[in-house]
file query07.pdb (PDB, C-alpha atoms)
ATOM      1  CA  MET A   1       9.289 -18.938 -39.039  1.00  0.00           C
ATOM      2  CA  THR A   2       9.267 -18.398 -35.253  1.00  0.00           C
ATOM      3  CA  THR A   3       5.826 -18.140 -33.671  1.00  0.00           C
ATOM      4  CA  PRO A   4       5.487 -14.717 -31.989  1.00  0.00           C
ATOM      5  CA  PRO A   5       4.604 -14.397 -28.303  1.00  0.00           C
ATOM      6  CA  LEU A   6       0.876 -14.023 -27.671  1.00  0.00           C
ATOM      7  CA  LEU A   7      -0.638 -11.545 -25.204  1.00  0.00           C
ATOM      8  CA  VAL A   8      -4.149 -12.260 -23.889  1.00  0.00           C
ATOM      9  CA  ILE A   9      -6.029  -9.138 -22.771  1.00  0.00           C
ATOM     10  CA  THR A  10      -9.144  -9.692 -20.677  1.00  0.00           C
ATOM     11  CA  ARG A  11     -10.429  -6.155 -20.233  1.00  0.00           C
ATOM     12  CA  PRO A  12     -12.458  -3.901 -22.556  1.00  0.00           C
ATOM     13  CA  ILE A  13     -10.724  -2.735 -25.722  1.00  0.00           C
ATOM     14  CA  GLU A  14     -11.100   0.940 -24.760  1.00  0.00           C
ATOM     15  CA  ARG A  15      -8.935   0.201 -21.708  1.00  0.00           C
ATOM     16  CA  SER A  16      -6.379  -1.742 -23.722  1.00  0.00           C
ATOM     17  CA  GLN A  17      -4.959   0.744 -26.203  1.00  0.00           C
ATOM     18  CA  LYS A  18      -1.496   0.925 -24.610  1.00  0.00           C
ATOM     19  CA  LEU A  19      -1.200  -2.859 -24.573  1.00  0.00           C
ATOM     20  CA  LEU A  20      -2.383  -3.099 -28.168  1.00  0.00           C
ATOM     21  CA  HIS A  21       0.194  -0.512 -29.218  1.00  0.00           C
ATOM     22  CA  PHE A  22       2.841  -2.460 -27.320  1.00  0.00           C
ATOM     23  CA  CYS A  23       1.932  -5.635 -29.240  1.00  0.00           C
ATOM     24  CA  GLN A  24       2.166  -3.815 -32.567  1.00  0.00           C
ATOM     25  CA  GLN A  25       5.544  -2.290 -31.712  1.00  0.00           C
ATOM     26  CA  ASN A  26       7.058  -5.546 -30.457  1.00  0.00           C
ATOM     27  CA  ASP A  27       5.591  -8.063 -32.911  1.00  0.00           C
ATOM     28  CA  PHE A  28       3.397  -9.784 -30.342  1.00  0.00           C
ATOM     29  CA  ALA A  29       0.232 -11.570 -31.409  1.00  0.00           C
ATOM     30  CA  CYS A  30      -2.828 -10.520 -29.414  1.00  0.00           C
ATOM     31  CA  GLU A  31      -6.104 -12.011 -28.208  1.00  0.00           C
ATOM     32  CA  ILE A  32      -8.698  -9.590 -26.827  1.00  0.00           C
ATOM     33  CA  SER A  33     -11.426 -11.313 -24.840  1.00  0.00           C
ATOM     34  CA  PRO A  34     -13.055  -8.886 -22.375  1.00  0.00           C
ATOM     35  CA  PHE A  35     -14.550 -10.647 -19.366  1.00  0.00           C
ATOM     36  CA  LEU A  36     -16.189  -7.463 -18.081  1.00  0.00           C
ATOM     37  CA  LYS A  37     -17.840  -4.429 -19.579  1.00  0.00           C
ATOM     38  CA  ILE A  38     -18.519  -1.168 -17.773  1.00  0.00           C
ATOM     39  CA  GLU A  39     -21.995   0.328 -17.700  1.00  0.00           C
ATOM     40  CA  PRO A  40     -22.836   3.690 -16.064  1.00  0.00           C
ATOM     41  CA  ILE A  41     -25.671   3.531 -13.557  1.00  0.00           C
ATOM     42  CA  ALA A  42     -28.630   5.459 -14.912  1.00  0.00           C
ATOM     43  CA  ASP A  43     -30.200   8.523 -13.285  1.00  0.00           C
ATOM     44  CA  ILE A  44     -27.400   9.301 -10.851  1.00  0.00           C
ATOM     45  CA  SER A  45     -26.844  12.935 -11.791  1.00  0.00           C
ATOM     46  CA  GLY A  46     -29.064  14.500  -9.111  1.00  0.00           C
ATOM     47  CA  SER A  47     -27.931  12.311  -6.230  1.00  0.00           C
ATOM     48  CA  LEU A  48     -24.269  12.586  -7.250  1.00  0.00           C
ATOM     49  CA  LYS A  49     -24.394  16.378  -7.235  1.00  0.00           C
ATOM     50  CA  LYS A  50     -25.905  16.377  -3.721  1.00  0.00           C
ATOM     51  CA  GLN A  51     -23.319  13.933  -2.426  1.00  0.00           C
ATOM     52  CA  ILE A  52     -20.449  15.950  -3.892  1.00  0.00           C
ATOM     53  CA  LYS A  53     -21.847  19.169  -2.427  1.00  0.00           C
ATOM     54  CA  ASN A  54     -21.825  17.615   1.055  1.00  0.00           C
ATOM     55  CA  ALA A  55     -18.289  16.222   0.827  1.00  0.00           C
ATOM     56  CA  ASP A  56     -14.907  17.744   1.641  1.00  0.00           C
ATOM     57  CA  ILE A  57     -12.829  15.072  -0.118  1.00  0.00           C
ATOM     58  CA  LEU A  58     -13.690  13.304  -3.371  1.00  0.00           C
ATOM     59  CA  PHE A  59     -11.919   9.963  -3.597  1.00  0.00           C
ATOM     60  CA  PHE A  60     -11.820   8.102  -6.928  1.00  0.00           C
ATOM     61  CA  VAL A  61     -11.150   4.372  -7.068  1.00  0.00           C
ATOM     62  CA  SER A  62     -10.198   4.166 -10.769  1.00  0.00           C
ATOM     63  CA  PRO A  63      -9.796   6.111 -14.011  1.00  0.00           C
ATOM     64  CA  THR A  64     -13.232   4.727 -14.964  1.00  0.00           C
ATOM     65  CA  ALA A  65     -14.765   6.398 -11.909  1.00  0.00           C
ATOM     66  CA  VAL A  66     -13.216   9.723 -12.971  1.00  0.00           C
ATOM     67  CA  GLU A  67     -14.365   9.435 -16.570  1.00  0.00           C
ATOM     68  CA  ILE A  68     -17.953   8.505 -15.721  1.00  0.00           C
ATOM     69  CA  CYS A  69     -18.235  11.112 -12.958  1.00  0.00           C
ATOM     70  CA  SER A  70     -16.999  13.796 -15.344  1.00  0.00           C
ATOM     71  CA  GLN A  71     -19.918  13.051 -17.656  1.00  0.00           C
ATOM     72  CA  TYR A  72     -22.191  14.562 -14.979  1.00  0.00           C
ATOM     73  CA  ILE A  73     -19.912  16.878 -13.004  1.00  0.00           C
ATOM     74  CA  ASP A  74     -17.394  19.501 -14.125  1.00  0.00           C
ATOM     75  CA  LEU A  75     -14.577  18.567 -11.758  1.00  0.00           C
ATOM     76  CA  TYR A  76     -12.652  21.727 -12.644  1.00  0.00           C
ATOM     77  CA  GLU A  77     -15.444  23.768 -11.055  1.00  0.00           C
ATOM     78  CA  GLU A  78     -15.537  21.761  -7.821  1.00  0.00           C
ATOM     79  CA  ARG A  79     -13.700  23.438  -4.968  1.00  0.00           C
ATOM     80  CA  LYS A  80     -12.783  20.186  -3.280  1.00  0.00           C
ATOM     81  CA  THR A  81      -9.699  18.175  -2.460  1.00  0.00           C
ATOM     82  CA  PHE A  82      -9.358  15.190  -4.788  1.00  0.00           C
ATOM     83  CA  ALA A  83      -7.801  11.875  -3.840  1.00  0.00           C
ATOM     84  CA  ALA A  84      -6.866   9.029  -6.197  1.00  0.00           C
ATOM     85  CA  VAL A  85      -6.200   5.353  -5.564  1.00  0.00           C
ATOM     86  CA  GLY A  86      -3.056   5.457  -7.723  1.00  0.00           C
ATOM     87  CA  LYS A  87      -1.127   7.356 -10.377  1.00  0.00           C
ATOM     88  CA  ALA A  88      -3.325   6.281 -13.322  1.00  0.00           C
ATOM     89  CA  THR A  89      -6.383   7.660 -11.542  1.00  0.00           C
ATOM     90  CA  GLU A  90      -4.477  10.819 -10.632  1.00  0.00           C
ATOM     91  CA  ILE A  91      -3.627  11.331 -14.322  1.00  0.00           C
ATOM     92  CA  ALA A  92      -7.306  10.895 -15.208  1.00  0.00           C
ATOM     93  CA  LEU A  93      -8.174  13.638 -12.687  1.00  0.00           C
ATOM     94  CA  GLN A  94      -5.469  15.908 -14.097  1.00  0.00           C
ATOM     95  CA  LYS A  95      -7.039  15.537 -17.540  1.00  0.00           C
ATOM     96  CA  GLN A  96     -10.265  16.884 -16.031  1.00  0.00           C
ATOM     97  CA  LYS A  97      -8.276  19.782 -14.510  1.00  0.00           C
ATOM     98  CA  ALA A  98      -9.242  18.774 -10.990  1.00  0.00           C
ATOM     99  CA  SER A  99      -7.058  20.312  -8.260  1.00  0.00           C
ATOM    100  CA  PRO A 100      -5.578  19.777  -5.718  1.00  0.00           C
ATOM    101  CA  ILE A 101      -4.991  16.023  -6.031  1.00  0.00           C
ATOM    102  CA  PHE A 102      -3.077  13.565  -3.901  1.00  0.00           C
ATOM    103  CA  SER A 103      -2.409   9.852  -4.298  1.00  0.00           C
ATOM    104  CA  PRO A 104      -0.064   7.248  -2.788  1.00  0.00           C
ATOM    105  CA  ASP A 105       3.622   7.652  -3.558  1.00  0.00           C
ATOM    106  CA  GLU A 106       3.705   3.915  -4.270  1.00  0.00           C
ATOM    107  CA  GLY A 107       1.022   1.343  -4.935  1.00  0.00           C
ATOM    108  CA  ASN A 108      -2.523   1.551  -6.262  1.00  0.00           C
ATOM    109  CA  ASP A 109      -4.821   0.074  -3.655  1.00  0.00           C
ATOM    110  CA  SER A 110      -6.631   1.027  -0.456  1.00  0.00           C
ATOM    111  CA  GLU A 111      -3.790  -0.173   1.732  1.00  0.00           C
ATOM    112  CA  SER A 112      -1.395   2.171  -0.087  1.00  0.00           C
ATOM    113  CA  VAL A 113      -3.846   5.069   0.189  1.00  0.00           C
ATOM    114  CA  LEU A 114      -4.131   4.675   3.951  1.00  0.00           C
ATOM    115  CA  LYS A 115      -0.387   5.123   4.386  1.00  0.00           C
ATOM    116  CA  HIS A 116      -0.678   8.768   3.264  1.00  0.00           C
ATOM    117  CA  SER A 117      -0.198  11.188   6.157  1.00  0.00           C
ATOM    118  CA  PHE A 118      -3.201  13.263   5.030  1.00  0.00           C
ATOM    119  CA  TRP A 119      -5.683  10.981   6.804  1.00  0.00           C
ATOM    120  CA  GLN A 120      -4.013  11.292  10.183  1.00  0.00           C
ATOM    121  CA  GLN A 121      -3.606  15.069   9.896  1.00  0.00           C
ATOM    122  CA  ASN A 122      -7.169  15.889   8.831  1.00  0.00           C
ATOM    123  CA  THR A 123     -10.785  14.871   9.289  1.00  0.00           C
ATOM    124  CA  GLY A 124     -14.069  15.635   7.571  1.00  0.00           C
ATOM    125  CA  LYS A 125     -16.487  14.193   5.033  1.00  0.00           C
ATOM    126  CA  ILE A 126     -15.221  11.946   2.241  1.00  0.00           C
ATOM    127  CA  LEU A 127     -17.185  10.692  -0.747  1.00  0.00           C
ATOM    128  CA  ILE A 128     -15.798   7.494  -2.287  1.00  0.00           C
ATOM    129  CA  ILE A 129     -16.741   7.419  -5.968  1.00  0.00           C
ATOM    130  CA  ARG A 130     -16.624   3.858  -7.231  1.00  0.00           C
ATOM    131  CA  GLY A 131     -18.246   0.957  -9.038  1.00  0.00           C
ATOM    132  CA  GLU A 132     -21.228  -0.896  -7.655  1.00  0.00           C
ATOM    133  CA  ASN A 133     -20.384  -3.348  -4.857  1.00  0.00           C
ATOM    134  CA  GLY A 134     -16.870  -1.965  -4.574  1.00  0.00           C
ATOM    135  CA  ARG A 135     -14.488  -2.954  -1.810  1.00  0.00           C
ATOM    136  CA  ALA A 136     -15.427  -1.368   1.541  1.00  0.00           C
ATOM    137  CA  PHE A 137     -12.020  -1.617   3.245  1.00  0.00           C
ATOM    138  CA  LEU A 138     -10.921   2.003   2.740  1.00  0.00           C
ATOM    139  CA  GLY A 139     -14.179   3.488   3.978  1.00  0.00           C
ATOM    140  CA  GLU A 140     -14.246   1.253   7.029  1.00  0.00           C
ATOM    141  CA  GLU A 141     -10.698   2.180   7.992  1.00  0.00           C
ATOM    142  CA  LEU A 142     -11.282   5.921   7.490  1.00  0.00           C
ATOM    143  CA  ALA A 143     -14.436   5.744   9.596  1.00  0.00           C
ATOM    144  CA  LYS A 144     -12.313   4.310  12.434  1.00  0.00           C
ATOM    145  CA  MET A 145     -10.101   7.424  12.141  1.00  0.00           C
ATOM    146  CA  GLY A 146     -13.107   9.726  12.549  1.00  0.00           C
ATOM    147  CA  TRP A 147     -13.918  10.470   8.910  1.00  0.00           C
ATOM    148  CA  GLN A 148     -17.559  10.654   7.799  1.00  0.00           C
ATOM    149  CA  VAL A 149     -17.741   8.306   4.819  1.00  0.00           C
ATOM    150  CA  ASP A 150     -20.272   8.242   2.000  1.00  0.00           C
ATOM    151  CA  TYR A 151     -20.278   6.192  -1.212  1.00  0.00           C
ATOM    152  CA  ALA A 152     -21.369   7.053  -4.745  1.00  0.00           C
ATOM    153  CA  ASP A 153     -21.762   3.922  -6.860  1.00  0.00           C
ATOM    154  CA  ILE A 154     -21.777   5.308 -10.392  1.00  0.00           C
ATOM    155  CA  TYR A 155     -21.058   2.299 -12.604  1.00  0.00           C
ATOM    156  CA  ARG A 156     -21.443  -1.457 -12.639  1.00  0.00           C
ATOM    157  CA  ARG A 157     -19.293  -4.222 -14.050  1.00  0.00           C
ATOM    158  CA  ILE A 158     -21.196  -6.586 -16.309  1.00  0.00           C
ATOM    159  CA  GLU A 159     -19.700 -10.051 -16.663  1.00  0.00           C
ATOM    160  CA  THR A 160     -19.419 -11.216 -20.262  1.00  0.00           C
ATOM    161  CA  PRO A 161     -18.798 -14.840 -21.288  1.00  0.00           C
ATOM    162  CA  PRO A 162     -15.489 -15.502 -23.064  1.00  0.00           C
ATOM    163  CA  ASP A 163     -15.280 -16.577 -26.656  1.00  0.00           C
ATOM    164  CA  PRO A 164     -16.041 -20.329 -26.461  1.00  0.00           C
ATOM    165  CA  GLN A 165     -13.059 -21.061 -28.711  1.00  0.00           C
ATOM    166  CA  LEU A 166     -10.536 -18.899 -26.831  1.00  0.00           C
ATOM    167  CA  PHE A 167      -9.062 -21.650 -24.684  1.00  0.00           C
ATOM    168  CA  ALA A 168      -8.905 -24.079 -27.605  1.00  0.00           C
ATOM    169  CA  ARG A 169      -6.865 -21.515 -29.554  1.00  0.00           C
ATOM    170  CA  LEU A 170      -4.541 -20.974 -26.605  1.00  0.00           C
ATOM    171  CA  TYR A 171      -4.135 -24.717 -26.136  1.00  0.00           C
ATOM    172  CA  ASP A 172      -3.104 -25.138 -29.774  1.00  0.00           C
ATOM    173  CA  TYR A 173      -0.814 -22.097 -29.857  1.00  0.00           C
ATOM    174  CA  SER A 174       2.826 -23.110 -30.231  1.00  0.00           C
ATOM    175  CA  GLY A 175       4.433 -19.895 -28.989  1.00  0.00           C
ATOM    176  CA  LYS A 176       4.790 -18.292 -25.567  1.00  0.00           C
ATOM    177  CA  ILE A 177       1.602 -16.927 -24.004  1.00  0.00           C
ATOM    178  CA  ALA A 178       1.072 -14.229 -21.362  1.00  0.00           C
ATOM    179  CA  VAL A 179      -2.236 -13.238 -19.764  1.00  0.00           C
ATOM    180  CA  VAL A 180      -2.799  -9.842 -18.127  1.00  0.00           C
ATOM    181  CA  LEU A 181      -5.379  -9.566 -15.329  1.00  0.00           C
ATOM    182  CA  PHE A 182      -6.331  -6.281 -13.675  1.00  0.00           C
ATOM    183  CA  SER A 183      -8.844  -7.269 -10.987  1.00  0.00           C
ATOM    184  CA  ALA A 184      -9.699 -10.139  -8.675  1.00  0.00           C
ATOM    185  CA  GLN A 185     -13.139 -10.403 -10.279  1.00  0.00           C
ATOM    186  CA  MET A 186     -11.576 -10.705 -13.730  1.00  0.00           C
ATOM    187  CA  CYS A 187      -9.150 -13.306 -12.397  1.00  0.00           C
ATOM    188  CA  ARG A 188     -11.923 -15.488 -10.962  1.00  0.00           C
ATOM    189  CA  LEU A 189     -13.915 -15.230 -14.184  1.00  0.00           C
ATOM    190  CA  TRP A 190     -10.862 -16.382 -16.130  1.00  0.00           C
ATOM    191  CA  LEU A 191     -10.191 -19.349 -13.869  1.00  0.00           C
ATOM    192  CA  ASN A 192     -13.829 -20.423 -13.762  1.00  0.00           C
ATOM    193  CA  ALA A 193     -14.124 -20.284 -17.558  1.00  0.00           C
ATOM    194  CA  ILE A 194     -11.230 -22.666 -18.302  1.00  0.00           C
ATOM    195  CA  PRO A 195     -12.525 -26.026 -19.618  1.00  0.00           C
ATOM    196  CA  LYS A 196     -11.067 -29.012 -17.748  1.00  0.00           C
ATOM    197  CA  GLN A 197      -9.339 -30.414 -20.827  1.00  0.00           C
ATOM    198  CA  TYR A 198      -7.229 -27.244 -21.126  1.00  0.00           C
ATOM    199  CA  ALA A 199      -6.564 -26.620 -17.434  1.00  0.00           C
ATOM    200  CA  GLN A 200      -3.036 -27.991 -17.228  1.00  0.00           C
ATOM    201  CA  LYS A 201      -1.676 -25.865 -20.062  1.00  0.00           C
ATOM    202  CA  MET A 202      -3.457 -22.760 -18.736  1.00  0.00           C
ATOM    203  CA  LYS A 203      -1.637 -23.213 -15.406  1.00  0.00           C
ATOM    204  CA  LYS A 204       1.710 -23.020 -17.221  1.00  0.00           C
ATOM    205  CA  LEU A 205       1.085 -19.657 -18.928  1.00  0.00           C
ATOM    206  CA  LEU A 206       2.737 -16.451 -17.733  1.00  0.00           C
ATOM    207  CA  TYR A 207       0.306 -14.322 -15.711  1.00  0.00           C
ATOM    208  CA  LEU A 208       0.892 -10.607 -15.101  1.00  0.00           C
ATOM    209  CA  THR A 209      -1.228  -8.834 -12.488  1.00  0.00           C
ATOM    210  CA  VAL A 210      -1.331  -5.456 -10.775  1.00  0.00           C
ATOM    211  CA  HIS A 211      -1.888  -6.655  -7.205  1.00  0.00           C
ATOM    212  CA  HIS A 212      -0.703  -9.418  -4.907  1.00  0.00           C
ATOM    213  CA  ARG A 213      -4.344 -10.353  -4.120  1.00  0.00           C
ATOM    214  CA  ILE A 214      -4.812 -11.324  -7.767  1.00  0.00           C
ATOM    215  CA  GLY A 215      -1.505 -13.141  -7.768  1.00  0.00           C
ATOM    216  CA  ASP A 216      -2.517 -15.093  -4.660  1.00  0.00           C
ATOM    217  CA  ILE A 217      -5.733 -16.277  -6.341  1.00  0.00           C
ATOM    218  CA  LEU A 218      -3.750 -17.503  -9.346  1.00  0.00           C
ATOM    219  CA  LYS A 219      -1.146 -19.266  -7.226  1.00  0.00           C
ATOM    220  CA  GLN A 220      -3.822 -20.964  -5.133  1.00  0.00           C
ATOM    221  CA  ALA A 221      -5.368 -22.222  -8.394  1.00  0.00           C
ATOM    222  CA  GLY A 222      -2.046 -23.831  -9.321  1.00  0.00           C
ATOM    223  CA  CYS A 223      -0.724 -21.293 -11.831  1.00  0.00           C
ATOM    224  CA  GLU A 224       3.039 -21.701 -11.943  1.00  0.00           C
ATOM    225  CA  GLU A 225       4.372 -18.382 -13.260  1.00  0.00           C
ATOM    226  CA  VAL A 226       2.773 -15.277 -11.754  1.00  0.00           C
ATOM    227  CA  ILE A 227       4.355 -11.814 -11.684  1.00  0.00           C
ATOM    228  CA  CYS A 228       2.794  -8.923  -9.753  1.00  0.00           C
ATOM    229  CA  CYS A 229       3.566  -5.542 -11.324  1.00  0.00           C
ATOM    230  CA  GLU A 230       3.093  -2.028 -10.014  1.00  0.00           C
ATOM    231  CA  ASN A 231       1.235  -0.914 -13.134  1.00  0.00           C
ATOM    232  CA  GLU A 232       0.593  -1.544 -16.815  1.00  0.00           C
ATOM    233  CA  GLN A 233       3.883   0.090 -17.782  1.00  0.00           C
ATOM    234  CA  ALA A 234       5.786  -2.372 -15.623  1.00  0.00           C
ATOM    235  CA  MET A 235       3.948  -5.249 -17.314  1.00  0.00           C
ATOM    236  CA  MET A 236       5.060  -4.080 -20.726  1.00  0.00           C
ATOM    237  CA  LYS A 237       8.640  -3.642 -19.561  1.00  0.00           C
ATOM    238  CA  ILE A 238       8.740  -7.233 -18.305  1.00  0.00           C
ATOM    239  CA  LEU A 239       7.273  -8.573 -21.534  1.00  0.00           C
ATOM    240  CA  LYS A 240       9.714  -6.591 -23.644  1.00  0.00           C
ATOM    241  CA  ASN A 241      12.712  -7.702 -21.576  1.00  0.00           C
ATOM    242  CA  GLN A 242      11.687 -11.354 -21.622  1.00  0.00           C
ATOM    243  CA  TRP A 243      10.149 -11.824 -25.057  1.00  0.00           C
ATOM    244  CA  GLY A 244      10.592  -8.598 -27.011  1.00  0.00           C
ATOM    245  CA  LYS A 245      12.618  -7.962 -30.116  1.00  0.00           C
ATOM    246  CA  SER A 246      16.367  -7.936 -29.518  1.00  0.00           C
TER     247      SER A 246
END

call {"tool": "encode", "arguments": {"input": "query07.pdb", "output": "structure tokens"}}
result
Amino acid sequence: MTTPPLLVITRPIERSQKLLHFCQQNDFACEISPFLKIEPIADISGSLKKQIKNADILFFVSPTAVEICSQYIDLYEERKTFAAVGKATEIALQKQKASPIFSPDEGNDSESVLKHSFWQQNTGKILIIRGENGRAFLGEELAKMGWQVDYADIYRRIETPPDPQLFARLYDYSGKIAVVLFSAQMCRLWLNAIPKQYAQKMKKLLYLTVHHRIGDILKQAGCEEVICCENEQAMMKILKNQWGKS
């Protein structure tokens, strides 16, 4: 019997339902080993409401930022302009009935956001709603354009150690293996966790990422097959075309 392809998912299970469904539909084996968990920052309700009141634009860095913010704020009631880092975050805002919303036509990072004509045609106060210690690039660039920038850090990413036996199982697996990585932090955690005796095989796995920065980290570490995808849907399409059922 042919050994099925194996997909390694390194983010929390609640963020992995589409990938899990994909595995079930395409007869992929699956390893779930979250390297990060998300924890809302306590006692932010009062300060978040004040920050939102003072802002003209609410910018969300991820679907997680939308979901956690909506636990404290009814976004439907906010008479603001909403901005999203990418289409997945825009969809999360739509689910909260936030309006109006804009996001990049292509891409899902700060560089893509800055290409939108909105920033050159307007000015005002923007609140960037994000995770703790988030990337400052967007805010710095908008400040150069004359925007007043504030940050609301509403969640933190907690690093979690991988299953000690994960890499041994991957080393012994006889089928094809793909690993999906959704952030640079997750990528570094993965690389740093690999025991030396398994390093060579781990470099030969297929890695799928959502940004060239993650891909660059993998390539610099010696990983041989790295594909940067626009989004999760593109990842699944590649896996199905390469290894899916005929």

call {"tool": "atom_distance", "arguments": {"input": "query07.pdb", "atom1": "CA of Lys204 (chain A)", "atom2": "CA of Lys176 (chain A)"}}
result
10.1 Å

call {"tool": "closest_residue", "arguments": {"input": "query07.pdb", "among": "A:Val61, A:Leu19, A:Ile41, A:Ile91", "to": "Arg156 (chain A)", "atoms": "only C-alpha atoms"}}
result
A:Ile41

call {"tool": "resolve_selection", "arguments": {"input": "query07.pdb", "expression": "the PyMOL selection byres ((chain A and resi 97) around 12)", "output": "number ranges by chain"}}
result
A: 66, 70, 74-79, 82, 90-96, 98-101

call {"tool": "write_last_selection", "arguments": {"input": "query07.pdb", "atoms": "C-alpha atoms", "output": "PDB file, in the coordinates of the input"}}
result
ATOM      1  CA  VAL A  66     -13.216   9.723 -12.971  1.00  0.00           C
ATOM      2  CA  SER A  70     -16.999  13.796 -15.344  1.00  0.00           C
ATOM      3  CA  ASP A  74     -17.394  19.501 -14.125  1.00  0.00           C
ATOM      4  CA  LEU A  75     -14.577  18.567 -11.758  1.00  0.00           C
ATOM      5  CA  TYR A  76     -12.652  21.727 -12.644  1.00  0.00           C
ATOM      6  CA  GLU A  77     -15.444  23.768 -11.055  1.00  0.00           C
ATOM      7  CA  GLU A  78     -15.537  21.761  -7.821  1.00  0.00           C
ATOM      8  CA  ARG A  79     -13.700  23.438  -4.968  1.00  0.00           C
ATOM      9  CA  PHE A  82      -9.358  15.190  -4.788  1.00  0.00           C
ATOM     10  CA  GLU A  90      -4.477  10.819 -10.632  1.00  0.00           C
ATOM     11  CA  ILE A  91      -3.627  11.331 -14.322  1.00  0.00           C
ATOM     12  CA  ALA A  92      -7.306  10.895 -15.208  1.00  0.00           C
ATOM     13  CA  LEU A  93      -8.174  13.638 -12.687  1.00  0.00           C
ATOM     14  CA  GLN A  94      -5.469  15.908 -14.097  1.00  0.00           C
ATOM     15  CA  LYS A  95      -7.039  15.537 -17.540  1.00  0.00           C
ATOM     16  CA  GLN A  96     -10.265  16.884 -16.031  1.00  0.00           C
ATOM     17  CA  ALA A  98      -9.242  18.774 -10.990  1.00  0.00           C
ATOM     18  CA  SER A  99      -7.058  20.312  -8.260  1.00  0.00           C
ATOM     19  CA  PRO A 100      -5.578  19.777  -5.718  1.00  0.00           C
ATOM     20  CA  ILE A 101      -4.991  16.023  -6.031  1.00  0.00           C
TER      21      ILE A 101
END

call {"tool": "closest_residue", "arguments": {"input": "query07.pdb", "among": "A:Tyr207, A:Trp147, A:Trp190, A:Tyr155", "to": "Ile227 (chain A)", "atoms": "only C-alpha atoms"}}
result
A:Tyr207

call {"tool": "resolve_selection", "arguments": {"input": "query07.pdb", "expression": "the PyMOL selection byres ((chain A and resi 12) around 7)", "output": "list in words"}}
result
Thr10, Arg11, Ile13, Glu14, Arg15, Ser16, Pro34, Leu36 and Lys37 of chain A

call {"tool": "atom_distance", "arguments": {"input": "query07.pdb", "atom1": "CA of Tyr72 (chain A)", "atom2": "CA of Gly134 (chain A)"}}
result
20.2 Å

call {"tool": "atom_distance", "arguments": {"input": "query07.pdb", "atom1": "CA of Ala184 (chain A)", "atom2": "CA of Ile214 (chain A)"}}
result
5.1 Å

call {"tool": "closest_residue", "arguments": {"input": "query07.pdb", "among": "A:Leu58, A:Ile238, A:Ala88, A:Val8", "to": "Met202 (chain A)", "atoms": "all atoms listed in the file"}}
result
A:Val8

call {"tool": "resolve_selection", "arguments": {"input": "query07.pdb", "expression": "the PyMOL selection byres ((chain A and resi 139) around 9)", "output": "ChimeraX atom specification"}}
result
/A:126,128,135-138,140-144,147-151

call {"tool": "axis_aligned_box", "arguments": {"input": "query07.pdb", "around": "region 228-232 of chain A", "padding_each_side": "4 Å", "output": "JSON"}}
result
{"center_x": 2.1, "center_y": -4.9, "center_z": -13.3, "size_x": 11.0, "size_y": 16.0, "size_z": 15.1}

call {"tool": "closest_residue", "arguments": {"input": "query07.pdb", "among": "A:Ser47, A:Gln71, A:Ser33, A:Gln233", "to": "Phe167 (chain A)", "atoms": "only C-alpha atoms"}}
result
A:Ser33

call {"tool": "residues_around", "arguments": {"input": "query07.pdb", "residues": "Ile154 (chain A)", "least_positions_apart": "4", "cutoff": "9 Å", "atoms": "only C-alpha atoms", "output": "list in words"}}
result
Glu39, Pro40, Ile41, Ala42, Ile44, Leu48, Ala65, Ile68, Cys69, Ile129, Arg130, Gly131 and Glu132 of chain A

call {"tool": "write_last_selection", "arguments": {"input": "query07.pdb", "atoms": "C-alpha atoms", "output": "PDB file, keeping the file's coordinate frame"}}
result
ATOM      1  CA  GLU A  39     -21.995   0.328 -17.700  1.00  0.00           C
ATOM      2  CA  PRO A  40     -22.836   3.690 -16.064  1.00  0.00           C
ATOM      3  CA  ILE A  41     -25.671   3.531 -13.557  1.00  0.00           C
ATOM      4  CA  ALA A  42     -28.630   5.459 -14.912  1.00  0.00           C
ATOM      5  CA  ILE A  44     -27.400   9.301 -10.851  1.00  0.00           C
ATOM      6  CA  LEU A  48     -24.269  12.586  -7.250  1.00  0.00           C
ATOM      7  CA  ALA A  65     -14.765   6.398 -11.909  1.00  0.00           C
ATOM      8  CA  ILE A  68     -17.953   8.505 -15.721  1.00  0.00           C
ATOM      9  CA  CYS A  69     -18.235  11.112 -12.958  1.00  0.00           C
ATOM     10  CA  ILE A 129     -16.741   7.419  -5.968  1.00  0.00           C
ATOM     11  CA  ARG A 130     -16.624   3.858  -7.231  1.00  0.00           C
ATOM     12  CA  GLY A 131     -18.246   0.957  -9.038  1.00  0.00           C
ATOM     13  CA  GLU A 132     -21.228  -0.896  -7.655  1.00  0.00           C
TER      14      GLU A 132
END

call {"tool": "closest_residue", "arguments": {"input": "query07.pdb", "among": "A:Arg157, A:Pro63, A:Ile57, A:Phe28", "to": "Trp119 (chain A)", "atoms": "all atoms listed in the file"}}
result
A:Ile57
